[in-house]
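This is final-v4.cif (mmCIF, C-alpha atoms and all ligand atoms).
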```
data_start
loop_
_atom_site.label_atom_id
_atom_site.label_comp_id
_atom_site.auth_asym_id
_atom_site.auth_seq_id
_atom_site.Cartn_x
_atom_site.Cartn_y
_atom_site.Cartn_z
CA MET A 1158 3.28 9.04 19.44
CA ARG A 1159 4.31 7.49 16.12
CA ALA A 1160 2.50 6.33 12.97
CA CYS A 1161 2.86 2.65 12.10
CA ILE A 1162 1.73 0.74 9.04
CA ARG A 1163 -1.17 -1.49 10.08
CA SER A 1164 -1.89 -3.11 6.72
CA THR A 1165 -1.30 -2.89 2.98
CA GLY A 1166 -3.18 -3.76 -0.20
CA SER A 1167 -2.73 -3.49 -3.93
CA TYR A 1168 -4.43 -3.73 -7.28
CA LEU A 1169 -3.07 -4.45 -10.75
CA PRO A 1170 -5.10 -4.29 -13.96
CA ALA A 1171 -5.76 -7.67 -15.55
CA ARG A 1172 -4.04 -6.98 -18.86
CA VAL A 1173 -0.33 -7.83 -18.96
CA VAL A 1174 1.78 -6.41 -21.79
CA THR A 1175 5.09 -8.19 -22.35
CA ASN A 1176 8.23 -6.72 -23.89
CA ALA A 1177 7.70 -9.03 -26.86
CA GLU A 1178 4.26 -7.50 -27.43
CA LEU A 1179 5.70 -3.96 -27.34
CA SER A 1180 8.42 -4.92 -29.80
CA LYS A 1181 5.68 -5.53 -32.39
CA THR A 1182 4.67 -1.84 -32.32
CA VAL A 1183 7.93 0.05 -31.59
CA GLU A 1184 11.53 -0.65 -32.56
CA THR A 1185 12.71 -2.34 -29.39
CA SER A 1186 13.47 -5.82 -28.07
CA ASP A 1187 12.94 -7.86 -24.94
CA GLU A 1188 16.74 -8.10 -24.68
CA TRP A 1189 17.24 -4.29 -24.73
CA ILE A 1190 14.49 -3.60 -22.21
CA VAL A 1191 15.60 -6.33 -19.77
CA GLN A 1192 19.28 -5.41 -20.06
CA ARG A 1193 18.81 -1.65 -19.61
CA THR A 1194 15.93 -1.64 -17.11
CA GLY A 1195 15.12 -5.10 -15.71
CA ILE A 1196 11.49 -4.76 -16.85
CA LYS A 1197 9.90 -7.85 -18.41
CA GLN A 1198 6.22 -6.90 -18.42
CA ARG A 1199 3.78 -4.29 -17.13
CA HIS A 1200 0.03 -4.18 -16.35
CA ILE A 1201 -2.06 -1.79 -18.43
CA ALA A 1202 -5.50 -0.52 -17.37
CA ALA A 1203 -8.52 -1.41 -19.47
CA GLU A 1204 -10.42 1.21 -21.45
CA GLY A 1205 -12.55 3.07 -18.92
CA GLU A 1206 -10.57 1.74 -15.96
CA LEU A 1207 -9.49 4.89 -14.13
CA THR A 1208 -6.95 5.78 -11.45
CA SER A 1209 -9.71 6.12 -8.85
CA HIS A 1210 -10.99 2.60 -9.64
CA MET A 1211 -7.52 1.11 -9.09
CA ALA A 1212 -7.01 3.27 -5.97
CA THR A 1213 -10.35 2.11 -4.54
CA ALA A 1214 -9.55 -1.57 -5.18
CA ALA A 1215 -6.17 -1.21 -3.42
CA ALA A 1216 -7.87 0.66 -0.55
CA ARG A 1217 -10.48 -2.09 -0.10
CA ALA A 1218 -7.70 -4.71 0.03
CA ALA A 1219 -5.76 -2.72 2.66
CA LEU A 1220 -8.94 -2.29 4.76
CA GLU A 1221 -9.69 -5.99 4.55
CA ASN A 1222 -6.11 -6.96 5.42
CA GLY A 1223 -6.23 -4.58 8.39
CA LYS A 1224 -9.65 -5.90 9.51
CA LEU A 1225 -11.01 -2.37 9.26
CA THR A 1226 -14.00 -0.69 7.66
CA PRO A 1227 -14.18 2.80 6.08
CA ALA A 1228 -15.74 4.01 9.36
CA ASP A 1229 -12.33 3.45 11.00
CA ILE A 1230 -10.52 5.84 8.62
CA ASP A 1231 -10.10 9.56 9.43
CA ALA A 1232 -8.50 10.75 6.19
CA ILE A 1233 -7.43 9.62 2.72
CA VAL A 1234 -4.32 10.83 0.92
CA VAL A 1235 -3.73 9.72 -2.68
CA ALA A 1236 -0.41 10.20 -4.42
CA THR A 1237 -0.98 10.45 -8.16
CA THR A 1238 0.16 12.26 -11.27
CA THR A 1239 -2.60 10.78 -13.39
CA PRO A 1240 -5.92 11.81 -11.78
CA ASP A 1241 -9.15 10.80 -13.53
CA ASP A 1242 -10.04 14.47 -14.02
CA THR A 1243 -8.39 17.81 -13.30
CA PHE A 1244 -10.67 17.92 -10.28
CA PRO A 1245 -12.09 16.63 -7.99
CA ALA A 1246 -9.13 14.84 -6.44
CA VAL A 1247 -8.87 11.05 -6.83
CA ALA A 1248 -8.92 10.85 -3.01
CA VAL A 1249 -12.46 12.22 -2.74
CA LYS A 1250 -13.61 9.81 -5.45
CA VAL A 1251 -12.16 6.97 -3.37
CA GLN A 1252 -13.87 8.42 -0.29
CA ALA A 1253 -17.23 8.37 -2.10
CA ALA A 1254 -16.65 4.88 -3.53
CA LEU A 1255 -15.96 3.60 0.01
CA GLY A 1256 -19.20 5.20 1.18
CA MET A 1257 -17.41 7.64 3.50
CA THR A 1258 -18.97 11.00 4.29
CA HIS A 1259 -16.83 11.74 7.34
CA GLY A 1260 -13.20 12.86 7.44
CA PHE A 1261 -11.33 14.48 4.56
CA ALA A 1262 -9.45 13.46 1.44
CA PHE A 1263 -6.94 15.08 -0.90
CA ASP A 1264 -4.27 14.28 -3.50
CA VAL A 1265 -0.52 14.80 -3.38
CA GLN A 1266 1.45 15.25 -6.61
CA ALA A 1267 5.15 14.49 -6.49
CA VAL A 1268 5.32 12.07 -9.45
CA CYS A 1269 7.44 8.98 -8.64
CA SER A 1270 8.23 10.24 -5.12
CA GLY A 1271 4.52 10.74 -4.44
CA PHE A 1272 4.04 7.85 -2.03
CA VAL A 1273 6.97 8.90 0.18
CA TYR A 1274 5.55 12.44 0.17
CA ALA A 1275 2.03 11.19 0.98
CA LEU A 1276 3.29 8.97 3.83
CA THR A 1277 5.23 11.95 5.20
CA VAL A 1278 2.13 14.18 5.13
CA ALA A 1279 0.01 11.48 6.78
CA ASN A 1280 2.73 10.83 9.36
CA GLY A 1281 2.73 14.53 10.26
CA MET A 1282 -1.05 14.59 10.68
CA ILE A 1283 -0.92 11.55 12.98
CA THR A 1284 2.05 12.62 15.10
CA SER A 1285 0.50 16.09 15.58
CA GLY A 1286 -2.61 14.37 16.97
CA GLN A 1287 -4.95 15.66 14.24
CA VAL A 1288 -6.05 12.20 13.10
CA ARG A 1289 -5.50 8.61 14.24
CA ARG A 1290 -5.79 6.62 11.03
CA VAL A 1291 -4.98 7.58 7.43
CA LEU A 1292 -5.49 5.57 4.25
CA VAL A 1293 -2.48 6.38 2.06
CA ILE A 1294 -2.64 5.32 -1.59
CA GLY A 1295 -0.33 5.53 -4.58
CA ALA A 1296 -2.28 5.07 -7.82
CA GLU A 1297 -1.33 5.71 -11.42
CA LYS A 1298 -2.60 5.21 -14.93
CA MET A 1299 0.74 5.99 -16.56
CA SER A 1300 -0.51 4.47 -19.83
CA SER A 1301 -2.69 7.58 -20.22
CA ILE A 1302 0.33 9.92 -20.48
CA LEU A 1303 2.57 7.77 -22.69
CA ASP A 1304 3.37 8.32 -26.34
CA TRP A 1305 3.03 4.73 -27.51
CA ASN A 1306 5.25 5.53 -30.52
CA ASP A 1307 8.14 6.72 -28.31
CA ARG A 1308 10.27 3.67 -27.56
CA ILE A 1309 12.36 5.67 -25.07
CA THR A 1310 9.44 6.06 -22.63
CA CYS A 1311 6.62 3.66 -23.55
CA VAL A 1312 8.59 0.55 -22.55
CA LEU A 1313 9.22 1.84 -19.02
CA PHE A 1314 5.87 2.47 -17.37
CA GLY A 1315 2.85 0.54 -16.12
CA ASP A 1316 -0.46 1.04 -14.28
CA GLY A 1317 -1.55 -0.01 -10.79
CA ALA A 1318 -2.25 1.04 -7.23
CA GLY A 1319 -1.03 0.25 -3.75
CA ALA A 1320 -2.30 1.31 -0.35
CA ALA A 1321 -1.13 1.40 3.26
CA ILE A 1322 -3.11 2.21 6.38
CA LEU A 1323 -1.15 4.36 8.81
CA GLU A 1324 -2.29 4.50 12.40
CA ALA A 1325 -1.19 6.07 15.65
CA THR A 1326 0.73 3.82 18.01
CA GLU A 1327 2.27 4.30 21.41
CA GLU A 1328 4.20 1.04 21.11
CA GLU A 1329 7.85 1.74 21.91
CA GLY A 1330 10.15 1.74 18.87
CA ARG A 1331 7.51 0.97 16.24
CA GLY A 1332 6.41 3.11 13.31
CA ILE A 1333 7.88 5.77 11.04
CA LEU A 1334 11.20 6.86 12.55
CA THR A 1335 12.32 9.53 10.09
CA THR A 1336 11.38 11.01 6.71
CA HIS A 1337 13.40 13.23 4.35
CA LEU A 1338 11.96 15.10 1.37
CA HIS A 1339 13.68 17.16 -1.31
CA SER A 1340 12.87 18.83 -4.59
CA ASP A 1341 14.71 20.91 -7.17
CA GLY A 1342 12.54 22.49 -9.84
CA ARG A 1343 15.44 23.51 -12.07
CA HIS A 1344 15.56 20.11 -13.81
CA ARG A 1345 12.14 20.32 -15.42
CA ASP A 1346 13.51 19.82 -18.94
CA LEU A 1347 14.92 16.39 -18.10
CA LEU A 1348 11.57 14.83 -17.16
CA TYR A 1349 8.16 16.39 -17.86
CA THR A 1350 4.91 16.11 -19.78
CA ASN A 1351 4.57 18.24 -22.91
CA GLY A 1352 1.17 19.52 -21.87
CA GLY A 1353 -1.12 20.24 -18.97
CA VAL A 1354 -4.29 21.87 -17.76
CA ALA A 1355 -3.24 25.51 -18.02
CA SER A 1356 -0.70 25.23 -20.83
CA THR A 1357 -2.21 23.13 -23.61
CA GLY A 1358 -5.47 21.97 -22.10
CA LYS A 1359 -4.34 18.37 -22.70
CA ALA A 1360 -2.45 16.09 -20.31
CA GLY A 1361 0.52 15.68 -22.69
CA THR A 1362 2.91 12.77 -22.78
CA ILE A 1363 6.09 11.93 -20.81
CA GLN A 1364 9.33 13.33 -22.20
CA MET A 1365 12.56 12.13 -20.64
CA GLN A 1366 16.34 12.53 -20.98
CA GLY A 1367 16.89 9.05 -19.53
CA ARG A 1368 20.65 9.10 -19.11
CA GLU A 1369 20.60 12.48 -17.30
CA VAL A 1370 17.71 11.41 -15.03
CA PHE A 1371 19.63 8.23 -14.24
CA LYS A 1372 22.68 10.20 -13.05
CA HIS A 1373 20.59 12.51 -10.88
CA ALA A 1374 18.67 9.54 -9.45
CA VAL A 1375 21.84 7.77 -8.31
CA GLU A 1376 23.11 10.93 -6.55
CA ALA A 1377 19.77 11.93 -5.03
CA LEU A 1378 19.06 8.45 -3.67
CA ALA A 1379 22.51 8.19 -2.11
CA GLN A 1380 21.85 11.54 -0.38
CA VAL A 1381 18.45 10.61 1.11
CA VAL A 1382 19.61 7.17 2.20
CA ASP A 1383 22.56 8.76 4.04
CA GLU A 1384 20.21 11.31 5.61
CA ALA A 1385 17.85 8.61 6.92
CA LEU A 1386 20.76 6.71 8.49
CA ALA A 1387 22.40 9.84 9.93
CA ALA A 1388 19.11 11.01 11.48
CA THR A 1389 18.55 7.72 13.29
CA GLY A 1390 22.10 6.52 13.92
CA TYR A 1391 21.45 3.20 12.17
CA LYS A 1392 24.07 1.46 10.04
CA PRO A 1393 23.27 0.04 6.58
CA SER A 1394 23.54 -3.45 8.10
CA ASP A 1395 20.63 -2.60 10.48
CA ILE A 1396 18.21 -2.33 7.52
CA SER A 1397 16.12 -5.49 7.16
CA LEU A 1398 14.55 -4.65 3.81
CA LEU A 1399 14.99 -1.97 1.14
CA VAL A 1400 11.75 -1.01 -0.63
CA PRO A 1401 12.88 1.26 -3.45
CA HIS A 1402 10.98 3.08 -6.17
CA GLN A 1403 10.93 0.73 -9.16
CA ALA A 1404 12.33 2.68 -12.12
CA ASN A 1405 15.42 0.79 -13.18
CA LEU A 1406 17.06 -2.36 -11.79
CA ARG A 1407 20.51 -0.83 -12.31
CA ILE A 1408 19.57 2.13 -10.08
CA ILE A 1409 18.16 -0.23 -7.41
CA GLU A 1410 21.29 -2.42 -7.55
CA GLY A 1411 23.43 0.73 -7.24
CA THR A 1412 21.66 1.75 -4.03
CA ALA A 1413 21.90 -1.79 -2.63
CA LYS A 1414 25.62 -1.88 -3.44
CA LYS A 1415 26.19 1.48 -1.74
CA LEU A 1416 24.49 0.05 1.36
CA ASP A 1417 26.43 -3.22 0.98
CA MET A 1418 23.08 -5.03 1.00
CA PRO A 1419 22.59 -8.40 -0.71
CA MET A 1420 19.77 -8.33 -3.27
CA ASP A 1421 17.71 -10.76 -1.18
CA LYS A 1422 17.12 -7.83 1.22
CA VAL A 1423 15.79 -5.69 -1.64
CA VAL A 1424 12.19 -5.78 -2.89
CA VAL A 1425 12.11 -5.89 -6.70
CA THR A 1426 8.81 -5.87 -8.57
CA LEU A 1427 9.68 -3.83 -11.64
CA ASP A 1428 10.29 -6.99 -13.67
CA ARG A 1429 6.53 -7.64 -13.34
CA HIS A 1430 5.10 -4.13 -12.87
CA GLY A 1431 7.41 -1.75 -14.75
CA ASN A 1432 7.63 1.78 -13.36
CA THR A 1433 4.23 2.63 -11.88
CA SER A 1434 5.38 6.02 -10.52
CA ALA A 1435 3.68 6.81 -7.17
CA ALA A 1436 2.18 3.29 -7.07
CA SER A 1437 5.53 1.50 -7.27
CA ILE A 1438 6.55 1.59 -3.59
CA PRO A 1439 3.15 0.56 -2.13
CA LEU A 1440 2.89 -2.19 -4.77
CA ALA A 1441 6.36 -3.43 -3.82
CA LEU A 1442 5.61 -3.09 -0.10
CA HIS A 1443 2.39 -5.10 -0.38
CA ASP A 1444 4.17 -7.71 -2.50
CA ALA A 1445 6.77 -8.15 0.27
CA VAL A 1446 4.15 -8.16 3.06
CA SER A 1447 1.94 -10.71 1.32
CA ASN A 1448 4.93 -12.96 0.61
CA GLY A 1449 5.84 -12.98 4.32
CA ARG A 1450 9.08 -11.06 3.75
CA VAL A 1451 8.17 -8.33 6.29
CA LYS A 1452 8.24 -9.36 9.94
CA ARG A 1453 7.39 -7.50 13.14
CA GLY A 1454 10.42 -5.52 14.28
CA TYR A 1455 11.96 -5.25 10.79
CA LEU A 1456 13.55 -1.95 9.79
CA LEU A 1457 12.39 -0.92 6.29
CA LEU A 1458 13.98 1.78 4.16
CA LEU A 1459 11.77 3.33 1.48
CA GLU A 1460 13.28 5.66 -1.12
CA ALA A 1461 12.22 7.31 -4.38
CA MET A 1462 13.22 9.86 -6.97
CA GLY A 1463 11.18 11.28 -9.82
CA GLY A 1464 9.88 14.15 -11.90
CA GLY A 1465 10.23 17.60 -10.44
CA PHE A 1466 12.84 16.56 -9.52
CA THR A 1467 11.52 15.24 -6.24
CA TRP A 1468 13.18 12.68 -4.00
CA GLY A 1469 12.83 11.33 -0.51
CA SER A 1470 13.36 8.52 1.97
CA LEU A 1471 11.59 7.07 4.98
CA LEU A 1472 12.62 4.59 7.68
CA VAL A 1473 9.90 2.56 9.34
CA ARG A 1474 10.09 -0.05 12.11
CA TRP A 1475 7.41 -2.68 11.35
O1 LIG B 1 10.86 7.11 -12.30
C1 LIG B 1 11.34 8.40 -12.52
C2 LIG B 1 12.80 8.42 -12.66
N1 LIG B 1 13.18 7.81 -13.90
C3 LIG B 1 14.27 7.11 -13.97
O2 LIG B 1 14.89 6.90 -12.96
C4 LIG B 1 14.73 6.66 -15.32
C5 LIG B 1 16.22 6.80 -15.38
N2 LIG B 1 16.79 6.42 -16.67
C6 LIG B 1 16.84 5.15 -17.09
O3 LIG B 1 16.32 4.26 -16.45
C7 LIG B 1 17.63 4.86 -18.34
O4 LIG B 1 18.32 6.02 -18.74
C8 LIG B 1 16.75 4.35 -19.53
C9 LIG B 1 16.28 2.94 -19.25
C10 LIG B 1 15.58 5.28 -19.74
C11 LIG B 1 17.58 4.30 -20.81
O5 LIG B 1 18.73 3.50 -20.62
P1 LIG B 1 20.18 4.06 -21.06
O6 LIG B 1 21.14 2.98 -20.82
O7 LIG B 1 20.41 5.35 -20.33
O8 LIG B 1 20.01 4.27 -22.61
P2 LIG B 1 20.13 5.60 -23.47
O9 LIG B 1 18.98 6.50 -23.25
O10 LIG B 1 21.50 6.16 -23.30
O11 LIG B 1 20.01 5.01 -24.93
C12 LIG B 1 20.98 4.07 -25.46
C13 LIG B 1 20.56 3.69 -26.85
C14 LIG B 1 20.19 4.89 -27.72
O12 LIG B 1 20.63 4.62 -29.03
P3 LIG B 1 22.04 5.24 -29.56
O13 LIG B 1 21.90 6.73 -29.40
O14 LIG B 1 23.09 4.67 -28.67
O15 LIG B 1 22.08 4.75 -30.96
C15 LIG B 1 18.68 4.89 -27.70
O16 LIG B 1 18.13 5.47 -28.86
O17 LIG B 1 19.37 2.87 -26.79
C16 LIG B 1 18.37 3.41 -27.65
N3 LIG B 1 17.06 3.14 -27.09
C17 LIG B 1 16.39 1.98 -27.30
N4 LIG B 1 16.70 0.91 -28.03
C18 LIG B 1 15.81 -0.10 -28.02
C19 LIG B 1 16.31 3.91 -26.24
N5 LIG B 1 15.18 3.29 -25.92
C20 LIG B 1 15.19 2.09 -26.56
C21 LIG B 1 14.31 1.02 -26.60
N6 LIG B 1 14.65 -0.06 -27.34
N7 LIG B 1 13.15 1.01 -25.93
#
```
Mind turning the file's structure into structure tokens?
Ligand code: UT7
Amino acid sequence: MRACIRSTGSYLPARVVTNAELSKTVETSDEWIVQRTGIKQRHIAAEGELTSHMATAAARAALENGKLTPADIDAIVVATTTPDDTFPAVAVKVQAALGMTHGFAFDVQAVCSGFVYALTVANGMITSGQVRRVLVIGAEKMSSILDWNDRITCVLFGDGAGAAILEATEEEGRGILTTHLHSDGRHRDLLYTNGGVASTGKAGTIQMQGREVFKHAVEALAQVVDEALAATGYKPSDISLLVPHQANLRIIEGTAKKLDMPMDKVVVTLDRHGNTSAASIPLALHDAVSNGRVKRGYLLLLEAMGGGFTWGSLLVRW
């Protein structure tokens, strides 16, 4: 038995903040941001618009696209680093908002790799026969942990949510073929928040040594992409579509180049969304699905790297 992706959905807050708008409040320019990152704009949640609200909206879209109702879902897993509250988990708030009292729900925290981690957990629960259908969501309100005076970080991130419904299938060849997760906690000082529940009692803001993170990202992504191919015996040319974490266009282009893939086989949304951490892959995936870029039988490679450090990859046959 395998787990396949039945449907996807997404949600983006209405407010769009352009690079030009940011350059009015911090010393930066559209030219610098586009050249160094590829980001042109990002969506920012409204006052009072919380991670669980965005997660619920993405979940509803995925249910509708899959012609399902909450009664058809056995479990909810939300990947997030920006929960509404310390507890309860965002996932149980989504469960309540969907009117579900059956099943179970919990959050996974692996920062930008969160969605790959959450899909891997859900895949394990399905292939072990514990559940048949899992609603997997990546949702982030990164704007709530940004120092809006720090030009190094505030230009990079955005808010949003994406969802995918995983379900058991016996169809030959379809579904998640392999997943590979890694972490290395020694690099905390390169990417972290300067606060938290038990340390300062406040969430803190993102602190990043960009150039160092960049170097690690290139190496880590090369490793997990190689692992996914080695585990399945596929060649880079077998991959129909690369759905990478959206942190920096130069990193994405580097991975595509390593795989000798033309950019038209790579899903890029960071120009419009910025880096939405755990939401970036499901947002990109839904963007590709809704634009008709994902066809039955396609081989998709998902990969991400982020705070922790955490990194991972996943190959799925659509
Ligand atoms: O999603 C989790 C994983 N995160 C990532 O993968 C992020 C990885 N890192 C990156 O994407 C890039 O390192 C950044 C986009 C964050 C930065 O790009 P960079 O080419 O590595 O620039 P840099 O940090 O080396 O900074 C170059 C210069 C510096 O000035 P000096 O020291 O050369 O005078 C910075 O102060 O650019 C300056 N700078 C800016 N200038 C205008 C930094 N941020 C800005 C800014 N606007 N927003």
**OP:** Within 8 Å of segment 1457-1470 of chain A, counting only C-alpha atoms, which residues show up once you throw out same-chain ones fewer than 5 positions away? Write them as a ChimeraX atom specification, please.
**Re:** /A:1267-1270,1273-1274,1336-1345,1348-1349,1374,1377-1378,1381-1382,1385,1396-1402,1434,1438,1475
In terms of only C-alpha atoms, the residue from A:Met1257, A:Ile1309, A:Ala1214, A:Leu1303 at minimal distance from Asp1231 of chain A is A:Met1257
Find the spatial neighbours of Trp1189 of chain A, counting only C-alpha atoms, within a cut-off of 12 Å - ignore same-chain residues fewer than 2 positions away - and output them as a list in words.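 My list of contacting residues is Asn1176, Ala1177, Leu1179, Ser1180, Glu1184, Thr1185, Ser1186, Asp1187, Val1191, Gln1192, Arg1193, Thr1194, Gly1195, Ile1196, Lys1197, Arg1308, Ile1309, Val1312 and Leu1313 of chain A.
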Residues from the last selection, C-alpha atoms, saved as a CSV table (one decimal), keeping the file's coordinate frame:
```csv
chain,number,residue,atom,x,y,z
A,1176,ASN,CA,8.2,-6.7,-23.9
A,1177,ALA,CA,7.7,-9.0,-26.9
A,1179,LEU,CA,5.7,-4.0,-27.3
A,1180,SER,CA,8.4,-4.9,-29.8
A,1184,GLU,CA,11.5,-0.6,-32.6
A,1185,THR,CA,12.7,-2.3,-29.4
A,1186,SER,CA,13.5,-5.8,-28.1
A,1187,ASP,CA,12.9,-7.9,-24.9
A,1191,VAL,CA,15.6,-6.3,-19.8
A,1192,GLN,CA,19.3,-5.4,-20.1
A,1193,ARG,CA,18.8,-1.6,-19.6
A,1194,THR,CA,15.9,-1.6,-17.1
A,1195,GLY,CA,15.1,-5.1,-15.7
A,1196,ILE,CA,11.5,-4.8,-16.8
A,1197,LYS,CA,9.9,-7.8,-18.4
A,1308,ARG,CA,10.3,3.7,-27.6
A,1309,ILE,CA,12.4,5.7,-25.1
A,1312,VAL,CA,8.6,0.6,-22.6
A,1313,LEU,CA,9.2,1.8,-19.0
```
Could you please determine the separation between atom CA of Val1293 of chain A and atom CA of Gly1361 of chain A in Å, to one decimal place?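 Here the two named atoms are 26.6 Å from each other.
Counting all atoms listed in the file, the residue from A:Ala1202, A:Ala1325, A:Ala1219, A:Ala1441 that sits nearest to Ser1285 of chain A is A:Ala1325.
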Which centre and edge lengths in Å to one decimal define the box along x, y and z that fits every listed atom of ligand LIG 1 (chain B) plus 6 Å per side, as AutoDock Vina command-line options?
```
--center_x 17.0 --center_y 4.2 --center_z -21.6 --size_x 24.2 --size_y 20.5 --size_z 30.7
```
**Message:** One decimal, in Å: what's the spacing between atom CA of Ala1218 of chain A and atom CA of Pro1245 of chain A?
**Reply:**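 Those two atoms sit 23.2 Å apart.
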Atoms are missing here; could segment 1456-1471 of chain A be completed with N, CA, C and O atoms and written as a compact mmCIF listing (two decimals), keeping the file's coordinate frame?
```
# COMPACT_ATOMS: atom_id res chain seq x y z
N LEU A 1456 13.30 -3.35 10.14
CA LEU A 1456 13.55 -1.95 9.79
C LEU A 1456 13.52 -1.84 8.26
O LEU A 1456 14.32 -2.47 7.57
N LEU A 1457 12.57 -1.05 7.74
CA LEU A 1457 12.39 -0.92 6.29
C LEU A 1457 12.83 0.47 5.84
O LEU A 1457 12.46 1.47 6.46
N LEU A 1458 13.59 0.50 4.75
CA LEU A 1458 13.98 1.78 4.16
C LEU A 1458 13.26 1.95 2.82
O LEU A 1458 13.38 1.10 1.94
N LEU A 1459 12.47 3.01 2.73
CA LEU A 1459 11.77 3.33 1.48
C LEU A 1459 12.48 4.52 0.85
O LEU A 1459 12.85 5.46 1.57
N GLU A 1460 12.67 4.49 -0.47
CA GLU A 1460 13.28 5.66 -1.12
C GLU A 1460 12.78 5.80 -2.55
O GLU A 1460 12.43 4.80 -3.18
N ALA A 1461 12.73 7.07 -3.02
CA ALA A 1461 12.22 7.31 -4.38
C ALA A 1461 12.80 8.59 -4.94
O ALA A 1461 13.20 9.49 -4.20
N MET A 1462 12.81 8.64 -6.28
CA MET A 1462 13.22 9.86 -6.97
C MET A 1462 12.39 9.95 -8.24
O MET A 1462 12.12 8.94 -8.87
N GLY A 1463 11.96 11.16 -8.60
CA GLY A 1463 11.18 11.28 -9.82
C GLY A 1463 11.04 12.70 -10.31
O GLY A 1463 11.76 13.60 -9.86
N GLY A 1464 10.10 12.86 -11.23
CA GLY A 1464 9.88 14.15 -11.90
C GLY A 1464 9.74 15.28 -10.92
O GLY A 1464 9.19 15.13 -9.83
N GLY A 1465 10.27 16.42 -11.31
CA GLY A 1465 10.23 17.60 -10.44
C GLY A 1465 11.48 18.43 -10.48
O GLY A 1465 11.41 19.57 -10.86
N PHE A 1466 12.65 17.85 -10.17
CA PHE A 1466 12.84 16.56 -9.52
C PHE A 1466 12.33 16.59 -8.07
O PHE A 1466 12.42 17.63 -7.40
N THR A 1467 11.86 15.44 -7.64
CA THR A 1467 11.52 15.24 -6.24
C THR A 1467 12.25 13.99 -5.79
O THR A 1467 12.48 13.09 -6.60
N TRP A 1468 12.62 13.92 -4.53
CA TRP A 1468 13.18 12.68 -4.00
C TRP A 1468 13.00 12.63 -2.48
O TRP A 1468 12.77 13.67 -1.86
N GLY A 1469 13.05 11.43 -1.95
CA GLY A 1469 12.83 11.33 -0.51
C GLY A 1469 13.08 9.93 0.00
O GLY A 1469 13.21 8.96 -0.77
N SER A 1470 13.16 9.83 1.32
CA SER A 1470 13.36 8.52 1.97
C SER A 1470 12.57 8.47 3.27
O SER A 1470 12.16 9.51 3.81
N LEU A 1471 12.38 7.27 3.75
CA LEU A 1471 11.59 7.07 4.98
C LEU A 1471 12.04 5.76 5.63
O LEU A 1471 12.20 4.75 4.94
```
